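**Q** Below: one structure in C-alpha cells.
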Amino acid sequence: MPTTRKRILASSLLAVLLSACGREEPQPPTLVPLMPAGRPFSMESLMRGARLYQEQCAQCHGPDAQGHPDWQNPQVTAAPPLNGTGNEWKRTKAELLNAILNGVTRDGVPVMPAWKGRLTQQEAEDVIAWFQALWPVDVYEKWHKANADAPTAPRS
Ligand code: HEC
C-alpha cells in the first residue's frame with residue numbers, strides 16, 4: 001500500500017475515533033453562565049449568581065435549576081424549577097426576591113429557607129440573573145412584557 005493511502009486511512013480512522021469520543025462525552029451541568037441575546041445581565045453578575053446558586057440552592061432546586069422531580073406532587077414539599085419550566089416566570093422580580101430573602105411558608109410551615117442575612121439583595125439579584133438566563137426565549141419575553149419596569153440596562 002503506498003504511504004499516502006496509509007496516511008489518509010490513518011487520519012480518517014482518527015477522525016472517526018474523535019467523533020465517537022465526542023458523542024460519548026457527558027453533558028456538564030450549566031455551571032458556566034450562558035447569556036442569551038436581549039438579557040440585561042452583566043457577566044460579573046451571572047458569574048457570582050452561578051457560584052452562589054450552586055453553593056446555596058442547587059441541593060434543592062437541582063444543579064440546572066430543573067427542580068425536584070416531585071415538585072408538582074401536592075403531597076410532598078419539593079423545590080420547583082427555576083429554569084423557566086415551572087411557575088417561577090409568573091412571578092414579578094419583587095416576588096422572586098421576596099421568596100429568596102424572606103423564604104416561603106405553606107400553611108404557616110417554612111418550606112423554603114429565608115436567605116436574608118446570608119445573601120445581600122445584590123447577591124439575590126445575581127442568582128435571579130443566573131436562573132433567568134436559563135429561561136427559554138419565549139418565556140423570558142413573556143415575563144419581560146409583564147414586568148415592563150424590569151431593568152433593561154446591564155447592572156453589576
Ligand atoms: C431546603 C431546600 C431549598 C433550598 C436550599 C432553596 N429552596 Fe427555593 N424553594 C424550596 C421549596 C420547597 C420551594 C416551594 C415552596 C412552595 O411550596 O411554594 C421553593 C421556592 C422557591 C421560589 C419560588 C418559586 C415559585 O415558583 O414561586 C424561588 C424563587 C426560590 N425557591 C429560589 C431559591 C433560591 C434562589 C435559593 C438559593 C439561594 C433557594 N431557593 C434555596 C426549597 C429550597
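In the C-alpha cells, the first chain shown is A, the next is B, and so on; residue numbers restart at 1 for each chain, and ligands run from 1 in the order shown.
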Give the residue list for ligand 1 at 6 Å, counting only C-alpha atoms and all ligand atoms, as a PyMOL selection string, sorted by chain and then by residue number.
**A** chain A and resi 53+56-57+60+77-80+87-88+96+99-100+104+106+111-112+127
**Q** I need the residue nearest Trp135 of chain A from this list: A:Gly84, A:Gly38, A:Pro74, A:Pro63. Use only C-alpha atoms for the distance.
**A**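 Of the candidates, the smallest distance to Trp135 of chain A is held by A:Gly84.
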**Q** Using only C-alpha atoms, which of the listed residues (A:Asp70, A:Ala94, A:Pro110, A:Phe131) sits closest to Gln54 of chain A?
**A**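 Result for the nearest residue to Gln54 of chain A: A:Phe131.
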**Q** Residues near segment 142-144 of chain A, anyone? I mean within 12 Å using only C-alpha atoms, not counting same-chain ones fewer than 4 positions away, as an MDAnalysis selection string.
**A** chainID A and resid 38:40 84 87:93 132 135:138 148:152
**Q** Would you write out those residues with N, CA and C atoms, as a PDB file, in the first residue's frame?
**A**
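Written out: again_34.pdb:
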```pdb
ATOM      1  N   GLY A  38     -30.407  39.816  24.400  1.00  0.00           N
ATOM      2  CA  GLY A  38     -31.538  40.566  24.927  1.00  0.00           C
ATOM      3  C   GLY A  38     -31.742  40.451  26.427  1.00  0.00           C
ATOM      4  N   ARG A  39     -30.859  39.789  27.140  1.00  0.00           N
ATOM      5  CA  ARG A  39     -30.982  39.725  28.599  1.00  0.00           C
ATOM      6  C   ARG A  39     -30.062  40.786  29.185  1.00  0.00           C
ATOM      7  N   PRO A  40     -30.582  41.531  30.154  1.00  0.00           N
ATOM      8  CA  PRO A  40     -29.833  42.717  30.604  1.00  0.00           C
ATOM      9  C   PRO A  40     -28.807  42.448  31.701  1.00  0.00           C
ATOM     10  N   GLY A  84     -37.381  28.294  34.199  1.00  0.00           N
ATOM     11  CA  GLY A  84     -38.367  28.770  33.227  1.00  0.00           C
ATOM     12  C   GLY A  84     -39.375  27.714  32.822  1.00  0.00           C
ATOM     13  N   ASN A  87     -43.502  27.646  37.653  1.00  0.00           N
ATOM     14  CA  ASN A  87     -44.346  28.833  37.821  1.00  0.00           C
ATOM     15  C   ASN A  87     -43.526  30.073  38.134  1.00  0.00           C
ATOM     16  N   GLU A  88     -42.195  29.875  38.275  1.00  0.00           N
ATOM     17  CA  GLU A  88     -41.327  30.971  38.671  1.00  0.00           C
ATOM     18  C   GLU A  88     -41.411  32.168  37.729  1.00  0.00           C
ATOM     19  N   TRP A  89     -41.637  31.920  36.423  1.00  0.00           N
ATOM     20  CA  TRP A  89     -41.648  33.024  35.458  1.00  0.00           C
ATOM     21  C   TRP A  89     -42.945  33.828  35.547  1.00  0.00           C
ATOM     22  N   LYS A  90     -43.923  33.343  36.343  1.00  0.00           N
ATOM     23  CA  LYS A  90     -45.161  34.102  36.535  1.00  0.00           C
ATOM     24  C   LYS A  90     -45.011  35.094  37.680  1.00  0.00           C
ATOM     25  N   ARG A  91     -43.881  35.065  38.363  1.00  0.00           N
ATOM     26  CA  ARG A  91     -43.642  35.973  39.494  1.00  0.00           C
ATOM     27  C   ARG A  91     -42.963  37.240  39.012  1.00  0.00           C
ATOM     28  N   THR A  92     -43.271  38.345  39.711  1.00  0.00           N
ATOM     29  CA  THR A  92     -42.541  39.581  39.435  1.00  0.00           C
ATOM     30  C   THR A  92     -41.161  39.452  40.055  1.00  0.00           C
ATOM     31  N   LYS A  93     -40.292  40.380  39.685  1.00  0.00           N
ATOM     32  CA  LYS A  93     -38.951  40.404  40.280  1.00  0.00           C
ATOM     33  C   LYS A  93     -39.059  40.550  41.792  1.00  0.00           C
ATOM     34  N   GLN A 132     -32.526  33.272  35.414  1.00  0.00           N
ATOM     35  CA  GLN A 132     -33.299  33.857  34.309  1.00  0.00           C
ATOM     36  C   GLN A 132     -32.577  33.706  32.967  1.00  0.00           C
ATOM     37  N   TRP A 135     -33.870  30.755  31.144  1.00  0.00           N
ATOM     38  CA  TRP A 135     -35.243  30.696  30.656  1.00  0.00           C
ATOM     39  C   TRP A 135     -35.278  30.695  29.131  1.00  0.00           C
ATOM     40  N   PRO A 136     -36.177  29.874  28.538  1.00  0.00           N
ATOM     41  CA  PRO A 136     -36.326  29.898  27.079  1.00  0.00           C
ATOM     42  C   PRO A 136     -36.719  31.302  26.603  1.00  0.00           C
ATOM     43  N   VAL A 137     -36.380  31.629  25.374  1.00  0.00           N
ATOM     44  CA  VAL A 137     -36.586  32.978  24.834  1.00  0.00           C
ATOM     45  C   VAL A 137     -38.039  33.430  24.997  1.00  0.00           C
ATOM     46  N   ASP A 138     -39.021  32.571  24.616  1.00  0.00           N
ATOM     47  CA  ASP A 138     -40.430  32.996  24.682  1.00  0.00           C
ATOM     48  C   ASP A 138     -40.875  33.219  26.125  1.00  0.00           C
ATOM     49  N   ALA A 148     -42.727  45.321  32.839  1.00  0.00           N
ATOM     50  CA  ALA A 148     -42.166  46.378  31.999  1.00  0.00           C
ATOM     51  C   ALA A 148     -41.120  47.208  32.741  1.00  0.00           C
ATOM     52  N   ASP A 149     -41.197  47.205  34.078  1.00  0.00           N
ATOM     53  CA  ASP A 149     -40.236  48.006  34.844  1.00  0.00           C
ATOM     54  C   ASP A 149     -38.944  47.238  35.112  1.00  0.00           C
ATOM     55  N   ALA A 150     -38.844  46.005  34.565  1.00  0.00           N
ATOM     56  CA  ALA A 150     -37.633  45.215  34.786  1.00  0.00           C
ATOM     57  C   ALA A 150     -36.435  45.941  34.172  1.00  0.00           C
ATOM     58  N   PRO A 151     -35.275  45.825  34.809  1.00  0.00           N
ATOM     59  CA  PRO A 151     -34.111  46.554  34.301  1.00  0.00           C
ATOM     60  C   PRO A 151     -33.764  46.138  32.874  1.00  0.00           C
ATOM     61  N   THR A 152     -33.449  47.113  32.046  1.00  0.00           N
ATOM     62  CA  THR A 152     -33.062  46.789  30.679  1.00  0.00           C
ATOM     63  C   THR A 152     -31.599  47.138  30.433  1.00  0.00           C
TER      64      THR A 152
END
```
**Q** Which is closest to Ala129 of chain A among A:Gln75, A:Thr85, A:Pro69, A:Leu97, if we use only C-alpha atoms?
**A**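 Comparing A:Gln75, A:Thr85, A:Pro69, A:Leu97 against Ala129 of chain A, the winner is A:Leu97.
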**Q** Using only C-alpha atoms, which residues sit within 8 Å of Ala124 of chain A once same-chain residues fewer than 2 positions away are excluded, as an NGL selection string?
**A** :A and (49 or 97 or 100-101 or 119-122 or 126-128)
**Q** Could you write out the selected residues, including C-alpha atoms, as an mmCIF file, in the first residue's frame?
**A**
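Writing done, so here's result.cif:
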```
data_model
loop_
_atom_site.group_PDB
_atom_site.id
_atom_site.type_symbol
_atom_site.label_atom_id
_atom_site.label_comp_id
_atom_site.auth_asym_id
_atom_site.auth_seq_id
_atom_site.Cartn_x
_atom_site.Cartn_y
_atom_site.Cartn_z
ATOM 1 C CA GLY A 49 -25.014 34.132 40.626
ATOM 2 C CA LEU A 97 -36.680 38.494 45.649
ATOM 3 C CA ILE A 100 -35.473 34.220 48.282
ATOM 4 C CA LEU A 101 -34.827 36.777 51.017
ATOM 5 C CA LEU A 119 -27.371 36.830 50.841
ATOM 6 C CA THR A 120 -27.382 40.557 50.157
ATOM 7 C CA GLN A 121 -30.068 41.992 47.880
ATOM 8 C CA GLN A 122 -27.435 42.235 45.115
ATOM 9 C CA ASP A 126 -27.245 37.801 40.855
ATOM 10 C CA VAL A 127 -28.829 34.395 41.493
ATOM 11 C CA ILE A 128 -32.053 35.534 39.779
#
```
**Q** To one decimal in Å, tell me the separation between atom CA of Val76 of chain A and atom CA of Glu123 of chain A.
**A**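 If I compute the distance from atom CA of Val76 of chain A to atom CA of Glu123 of chain A, I get 28.9 Å.
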**Q** Which value, in Å to one decimal, gives the distance between atom CA of Tyr140 of chain A and atom CA of Ala37 of chain A?
**A**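 These atoms are spaced 11.0 Å apart.
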**Q** Can you list, as a PyMOL selection string, every protein, DNA or RNA residue that comes within 9 Å of Pro81 of chain A when you count only C-alpha atoms, leaving out same-chain residues fewer than 4 positions away?
**A** chain A and resi 61-62+64-68+71+85-88
**Q** So which one's closest to Gly117 of chain A, A:Lys145, A:Arg48, A:Met43, A:Asn102? Using only C-alpha atoms, please.
**A**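 Smallest distance to Gly117 of chain A is found for A:Asn102.
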**Q** So how far away is atom CA of Ala133 of chain A from atom CA of Glu44 of chain A, in Å?
**A** 13.1 Å
**Q** Please give the complete set of residues from segment 19-122 of chain A that DSSP, run on the backbone, assigns to alpha helix (DSSP H), formatted as a ChimeraX atom specification.
**A** /A:19-24,43-56,58-61,93-102,121-122
**Q** Go ahead and dump the residues you just picked, C-alpha atoms, as a PDB file, in the first residue's frame.
**A**
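Okay, this is what ended up in selection35.pdb:
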```pdb
ATOM      1  CA  SER A  19     -16.145  11.936  16.632  1.00  0.00           C
ATOM      2  CA  ALA A  20     -17.087   8.762  18.545  1.00  0.00           C
ATOM      3  CA  CYS A  21     -15.414  10.197  21.659  1.00  0.00           C
ATOM      4  CA  GLY A  22     -17.226  13.496  21.207  1.00  0.00           C
ATOM      5  CA  ARG A  23     -20.590  11.766  21.118  1.00  0.00           C
ATOM      6  CA  GLU A  24     -19.953   9.900  24.357  1.00  0.00           C
ATOM      7  CA  MET A  43     -21.292  38.790  33.024  1.00  0.00           C
ATOM      8  CA  GLU A  44     -19.962  39.610  36.535  1.00  0.00           C
ATOM      9  CA  SER A  45     -23.449  39.295  37.987  1.00  0.00           C
ATOM     10  CA  LEU A  46     -24.015  35.980  36.174  1.00  0.00           C
ATOM     11  CA  MET A  47     -20.697  34.578  37.386  1.00  0.00           C
ATOM     12  CA  ARG A  48     -21.496  35.488  41.008  1.00  0.00           C
ATOM     13  CA  GLY A  49     -25.014  34.132  40.626  1.00  0.00           C
ATOM     14  CA  ALA A  50     -23.776  30.840  39.157  1.00  0.00           C
ATOM     15  CA  ARG A  51     -21.447  30.278  42.112  1.00  0.00           C
ATOM     16  CA  LEU A  52     -23.993  31.292  44.767  1.00  0.00           C
ATOM     17  CA  TYR A  53     -26.683  29.163  43.150  1.00  0.00           C
ATOM     18  CA  GLN A  54     -24.507  26.037  43.164  1.00  0.00           C
ATOM     19  CA  GLU A  55     -23.494  26.683  46.802  1.00  0.00           C
ATOM     20  CA  GLN A  56     -26.886  27.561  48.267  1.00  0.00           C
ATOM     21  CA  ALA A  58     -28.717  23.518  43.854  1.00  0.00           C
ATOM     22  CA  GLN A  59     -29.207  20.898  46.580  1.00  0.00           C
ATOM     23  CA  CYS A  60     -32.973  21.532  46.488  1.00  0.00           C
ATOM     24  CA  HIS A  61     -33.690  23.130  43.108  1.00  0.00           C
ATOM     25  CA  LYS A  93     -38.951  40.404  40.280  1.00  0.00           C
ATOM     26  CA  ALA A  94     -40.164  41.634  43.689  1.00  0.00           C
ATOM     27  CA  GLU A  95     -41.945  38.321  44.329  1.00  0.00           C
ATOM     28  CA  LEU A  96     -38.847  36.332  43.383  1.00  0.00           C
ATOM     29  CA  LEU A  97     -36.680  38.494  45.649  1.00  0.00           C
ATOM     30  CA  ASN A  98     -39.222  38.159  48.441  1.00  0.00           C
ATOM     31  CA  ALA A  99     -39.275  34.347  48.152  1.00  0.00           C
ATOM     32  CA  ILE A 100     -35.473  34.220  48.282  1.00  0.00           C
ATOM     33  CA  LEU A 101     -34.827  36.777  51.017  1.00  0.00           C
ATOM     34  CA  ASN A 102     -37.833  36.011  53.265  1.00  0.00           C
ATOM     35  CA  GLN A 121     -30.068  41.992  47.880  1.00  0.00           C
ATOM     36  CA  GLN A 122     -27.435  42.235  45.115  1.00  0.00           C
TER      37      GLN A 122
END
```
